[in-house]
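Coordinates as given in structure_2.txt (compact mmCIF, C-alpha atoms):
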```
# COMPACT_ATOMS: atom_id res chain seq x y z
CA SER B 27 -32.76 89.13 78.05
CA SER B 28 -30.25 90.59 75.63
CA THR B 29 -27.08 88.87 74.49
CA ALA B 30 -25.45 92.18 73.52
CA PRO B 31 -22.48 93.19 75.66
CA ASP B 32 -23.01 95.88 78.26
CA SER B 33 -21.75 99.02 76.57
CA ALA B 34 -21.21 100.72 79.93
CA GLY B 35 -19.53 97.91 81.88
CA PRO B 36 -18.02 95.81 83.28
CA TYR B 37 -17.87 97.40 86.72
CA LEU B 38 -15.44 96.73 89.55
CA GLY B 39 -18.20 96.81 92.18
CA ASP B 40 -20.23 94.12 90.42
CA SER B 41 -17.19 91.90 90.03
CA VAL B 42 -16.20 92.32 93.68
CA ALA B 43 -19.77 91.56 94.79
CA ALA B 44 -19.74 88.35 92.74
CA GLY B 45 -16.41 87.30 94.24
CA ARG B 46 -17.67 87.96 97.76
CA ALA B 47 -20.87 86.04 97.05
CA PHE B 48 -18.81 83.06 95.91
CA LEU B 49 -16.78 83.29 99.14
CA ALA B 50 -19.99 83.34 101.18
CA LEU B 51 -21.26 80.27 99.34
CA TRP B 52 -17.96 78.49 100.00
CA ALA B 53 -18.17 79.39 103.70
CA ALA B 54 -21.76 78.15 103.91
CA THR B 55 -21.32 74.93 101.95
CA GLY B 56 -17.65 74.03 102.18
CA ASP B 57 -17.79 73.29 98.44
CA ARG B 58 -14.38 74.26 97.07
CA ALA B 59 -15.93 74.94 93.65
CA TRP B 60 -17.23 78.23 95.12
CA LEU B 61 -13.73 79.09 96.33
CA ALA B 62 -12.44 78.41 92.82
CA ARG B 63 -15.10 80.75 91.40
CA SER B 64 -14.04 83.43 93.87
CA ARG B 65 -10.43 83.05 92.75
CA GLU B 66 -11.57 83.35 89.14
CA ALA B 67 -13.41 86.56 90.01
CA ALA B 68 -10.28 87.95 91.67
CA GLY B 69 -8.23 87.05 88.60
CA TYR B 70 -10.78 88.70 86.34
CA ILE B 71 -10.65 91.83 88.49
CA GLY B 72 -6.86 91.93 88.26
CA LYS B 73 -6.88 91.52 84.48
CA THR B 74 -9.80 93.84 83.79
CA PHE B 75 -9.51 96.72 86.24
CA ALA B 76 -5.76 97.15 86.77
CA VAL B 77 -4.03 99.73 84.60
CA GLU B 78 -0.44 98.92 83.71
CA GLY B 79 1.94 101.41 85.28
CA ALA B 80 -0.73 102.94 87.53
CA PRO B 81 -1.52 102.09 91.14
CA GLY B 82 -4.93 100.82 92.20
CA LEU B 83 -7.89 99.72 90.14
CA ILE B 84 -10.31 101.57 87.91
CA SER B 85 -14.00 101.28 88.74
CA ALA B 86 -15.22 100.52 85.21
CA VAL B 87 -13.82 99.78 81.80
CA SER B 88 -14.07 102.76 79.50
CA ARG B 89 -15.27 102.04 75.99
CA SER B 90 -15.83 105.60 74.93
CA ARG B 91 -13.91 108.68 73.92
CA PHE B 92 -14.66 110.34 77.27
CA ALA B 93 -12.34 110.41 80.27
CA PRO B 94 -11.70 107.00 81.81
CA PRO B 95 -13.42 106.12 85.09
CA ALA B 96 -11.67 106.94 88.35
CA PRO B 97 -11.20 104.48 91.23
CA GLN B 98 -13.95 104.56 93.85
CA ARG B 99 -12.89 104.19 97.47
CA ASP B 100 -15.78 101.95 98.53
CA GLU B 101 -15.05 99.46 95.75
CA VAL B 102 -11.34 99.42 96.56
CA GLN B 103 -12.17 98.77 100.22
CA GLU B 104 -14.41 95.87 99.19
CA MET B 105 -11.61 94.45 97.06
CA ARG B 106 -9.30 94.52 100.06
CA THR B 107 -11.67 92.19 101.89
CA LEU B 108 -11.86 89.76 98.96
CA LEU B 109 -8.22 89.25 98.02
CA PRO B 110 -6.68 88.10 101.34
CA VAL B 111 -9.26 85.35 101.76
CA VAL B 112 -8.89 84.15 98.19
CA ARG B 113 -5.09 84.19 98.35
CA SER B 114 -4.83 82.40 101.70
CA SER B 115 -7.30 79.59 101.01
```

Mind turning the file's structure into structure tokens?
Amino acid sequence: SSTAPDSAGPYLGDSVAAGRAFLALWAATGDRAWLARSREAAGYIGKTFAVEGAPGLISAVSRSRFAPPAPQRDEVQEMRTLLPVVRSS
């Protein structure tokens, strides 16, 4: 495995999937450490994929001179299912 950073990522969908997986592990085990990890994932998403002054989230972080990525509806919908659970627990 490579230790070099992913030149194309990170991606919103991957981060949301990780947060949801942590929530599922918390639901299955009751171990609050998984809930904490889910909250960390949500915080990472907020810091990494939100654009100041713009609504919504971008789907990937642009590290190139090309146009920045546009939000993807399916990823935004997934995020909507993650945040309420993390915030209310």

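Candidate residues B:Val87, B:Ala80, B:Ala59, B:Ile71 were compared for distance to B:Gly45, and the nearest is B:Ile71, using only C-alpha atoms.
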
Residues near B:Ala86, anyone? I mean within 7 Å using only C-alpha atoms, not counting same-chain ones fewer than 6 positions away, as a PyMOL selection string.
chain B and resi 35-38+75+95

Take the residues from that selection and write them out as a PDB file, in the frame of the given file, keeping C-alpha atoms.
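And here is the file that came out, selection_5.pdb:
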```pdb
ATOM      1  CA  GLY B  35     -19.530  97.910  81.880  1.00  0.00           C
ATOM      2  CA  PRO B  36     -18.020  95.810  83.280  1.00  0.00           C
ATOM      3  CA  TYR B  37     -17.870  97.400  86.720  1.00  0.00           C
ATOM      4  CA  LEU B  38     -15.440  96.730  89.550  1.00  0.00           C
ATOM      5  CA  PHE B  75      -9.510  96.720  86.240  1.00  0.00           C
ATOM      6  CA  PRO B  95     -13.420 106.120  85.090  1.00  0.00           C
TER       7      PRO B  95
END
```

Computed gap from atom CA of B:Lys73 to atom CA of B:Thr55 is 28.1 Å

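Between atom CA of B:Ala67 and atom CA of B:Phe48 lies a distance of 8.7 Å.
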
For a test of reading the model, state the distance in Å between atom CA of B:Ile84 and atom CA of B:Trp60, rounded to one decimal.
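Going from atom CA of B:Ile84 over to atom CA of B:Trp60, I get 25.4 Å.
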